[in-house]
Amino acid sequence: MEYIPWLRDCFEEPVTVEGGDYKTPQNPGAGTTFKADVLERFAAK
């Protein structure tokens, strides 16, 4: 999975990287659930 720091605010459970290491999420999944307001803001019209 690619880590793009400026995208952290777009996800419900963002990926965390510390010292070059991916920190395993506490919840199941990859943390790729978008926040609803982000989907509305960037929706194609």
# chains A, B, ... in the order shown; residues from 1 in each chain; ligands from 1
call {"tool": "select_by_dssp", "arguments": {"residues": "chain A", "states": "alpha helix (DSSP H)", "output": "ChimeraX atom specification"}}
result
/A:36-41
call {"tool": "write_last_selection", "arguments": {"atoms": "C-alpha atoms", "output": "tab-separated table (two decimals), in the first residue's frame"}}
result
chain	number	residue	atom	x	y	z
A	36	ALA	CA	-18.41	11.24	3.44
A	37	ASP	CA	-17.55	14.94	3.15
A	38	VAL	CA	-14.46	14.10	1.09
A	39	LEU	CA	-16.53	12.10	-1.41
A	40	GLU	CA	-18.97	15.01	-1.74
A	41	ARG	CA	-16.18	17.57	-2.11
call {"tool": "select_by_dssp", "arguments": {"residues": "chain A", "states": "strand (DSSP E or B)", "output": "list in words"}}
result
Phe11, Thr16, Val17, Glu18, Asp21, Tyr22, Lys23 and Phe34 of chain A
call {"tool": "residues_around", "arguments": {"residues": "Asp9 of chain A", "least_positions_apart": "5", "cutoff": "10 Å", "atoms": "only C-alpha atoms", "output": "PyMOL selection string"}}
result
chain A and resi 14+34-35+38
call {"tool": "residues_around", "arguments": {"residues": "Gln26 of chain A", "least_positions_apart": "3", "cutoff": "12 Å", "atoms": "only C-alpha atoms", "output": "mmCIF file with N, CA and C atoms, in the first residue's frame"}}
result
data_model
loop_
_atom_site.group_PDB
_atom_site.id
_atom_site.type_symbol
_atom_site.label_atom_id
_atom_site.label_comp_id
_atom_site.auth_asym_id
_atom_site.auth_seq_id
_atom_site.Cartn_x
_atom_site.Cartn_y
_atom_site.Cartn_z
ATOM 1 N N GLU A 13 -10.033 5.903 8.884
ATOM 2 C CA GLU A 13 -8.980 5.270 9.676
ATOM 3 C C GLU A 13 -7.671 5.374 8.896
ATOM 4 N N PRO A 14 -7.010 6.532 8.940
ATOM 5 C CA PRO A 14 -5.816 6.716 8.105
ATOM 6 C C PRO A 14 -4.643 5.822 8.512
ATOM 7 N N VAL A 15 -3.828 5.500 7.520
ATOM 8 C CA VAL A 15 -2.608 4.727 7.739
ATOM 9 C C VAL A 15 -1.629 5.562 8.559
ATOM 10 N N THR A 16 -0.906 4.920 9.443
ATOM 11 C CA THR A 16 0.107 5.605 10.228
ATOM 12 C C THR A 16 1.467 4.993 9.926
ATOM 13 N N LYS A 23 2.355 1.103 10.742
ATOM 14 C CA LYS A 23 1.775 0.661 12.010
ATOM 15 C C LYS A 23 0.482 -0.099 11.731
ATOM 16 N N GLY A 29 -9.207 -4.399 8.368
ATOM 17 C CA GLY A 29 -9.231 -3.611 7.139
ATOM 18 C C GLY A 29 -7.941 -2.848 6.916
ATOM 19 N N ALA A 30 -7.901 -2.152 5.782
ATOM 20 C CA ALA A 30 -6.688 -1.434 5.388
ATOM 21 C C ALA A 30 -6.791 0.060 5.645
ATOM 22 N N GLY A 31 -7.890 0.529 6.236
ATOM 23 C CA GLY A 31 -8.039 1.950 6.505
ATOM 24 C C GLY A 31 -8.294 2.759 5.250
#
call {"tool": "atom_distance", "arguments": {"atom1": "atom CA of Pro28 of chain A", "atom2": "atom CA of Pro5 of chain A"}}
result
21.0 Å
call {"tool": "atom_distance", "arguments": {"atom1": "atom CA of Ala43 of chain A", "atom2": "atom CA of Val17 of chain A"}}
result
28.0 Å
call {"tool": "atom_distance", "arguments": {"atom1": "atom CA of Phe42 of chain A", "atom2": "atom CA of Cys10 of chain A"}}
result
10.5 Å
call {"tool": "decode", "arguments": {"residues": "chain A", "atoms": "C-alpha atoms", "output": "mmCIF file, in the first residue's frame"}}
result
data_model
loop_
_atom_site.group_PDB
_atom_site.id
_atom_site.type_symbol
_atom_site.label_atom_id
_atom_site.label_comp_id
_atom_site.auth_asym_id
_atom_site.auth_seq_id
_atom_site.Cartn_x
_atom_site.Cartn_y
_atom_site.Cartn_z
ATOM 1 C CA MET A 1 0.000 0.000 0.000
ATOM 2 C CA GLU A 2 1.293 3.448 -0.872
ATOM 3 C CA TYR A 3 1.528 6.069 1.875
ATOM 4 C CA ILE A 4 0.676 9.622 0.829
ATOM 5 C CA PRO A 5 0.733 11.886 3.925
ATOM 6 C CA TRP A 6 -1.455 14.658 2.469
ATOM 7 C CA LEU A 7 -4.314 12.157 1.989
ATOM 8 C CA ARG A 8 -4.551 11.245 5.701
ATOM 9 C CA ASP A 9 -7.461 13.645 6.287
ATOM 10 C CA CYS A 10 -9.530 11.920 3.570
ATOM 11 C CA PHE A 11 -9.922 8.597 5.405
ATOM 12 C CA GLU A 12 -11.897 7.423 8.430
ATOM 13 C CA GLU A 13 -8.980 5.270 9.676
ATOM 14 C CA PRO A 14 -5.816 6.716 8.105
ATOM 15 C CA VAL A 15 -2.608 4.727 7.739
ATOM 16 C CA THR A 16 0.107 5.605 10.228
ATOM 17 C CA VAL A 17 3.806 5.410 9.388
ATOM 18 C CA GLU A 18 6.411 6.052 12.094
ATOM 19 C CA GLY A 19 10.144 5.881 11.469
ATOM 20 C CA GLY A 20 9.500 4.305 8.074
ATOM 21 C CA ASP A 21 7.400 1.481 9.569
ATOM 22 C CA TYR A 22 3.735 0.880 8.767
ATOM 23 C CA LYS A 23 1.775 0.661 12.010
ATOM 24 C CA THR A 24 -0.757 -2.162 11.982
ATOM 25 C CA PRO A 25 -4.321 -0.866 12.417
ATOM 26 C CA GLN A 26 -6.214 -1.896 15.553
ATOM 27 C CA ASN A 27 -9.386 -2.566 13.527
ATOM 28 C CA PRO A 28 -9.834 -4.995 10.617
ATOM 29 C CA GLY A 29 -9.231 -3.611 7.139
ATOM 30 C CA ALA A 30 -6.688 -1.434 5.388
ATOM 31 C CA GLY A 31 -8.039 1.950 6.505
ATOM 32 C CA THR A 32 -9.332 2.897 3.070
ATOM 33 C CA THR A 33 -12.814 4.096 4.020
ATOM 34 C CA PHE A 34 -13.289 7.623 2.671
ATOM 35 C CA LYS A 35 -14.977 10.267 4.818
ATOM 36 C CA ALA A 36 -18.410 11.239 3.439
ATOM 37 C CA ASP A 37 -17.551 14.935 3.145
ATOM 38 C CA VAL A 38 -14.464 14.104 1.086
ATOM 39 C CA LEU A 39 -16.526 12.100 -1.406
ATOM 40 C CA GLU A 40 -18.966 15.005 -1.736
ATOM 41 C CA ARG A 41 -16.180 17.571 -2.110
ATOM 42 C CA PHE A 42 -14.361 15.695 -4.899
ATOM 43 C CA ALA A 43 -17.381 14.121 -6.659
ATOM 44 C CA ALA A 44 -17.433 14.321 -10.449
ATOM 45 C CA LYS A 45 -20.338 16.301 -11.836
#
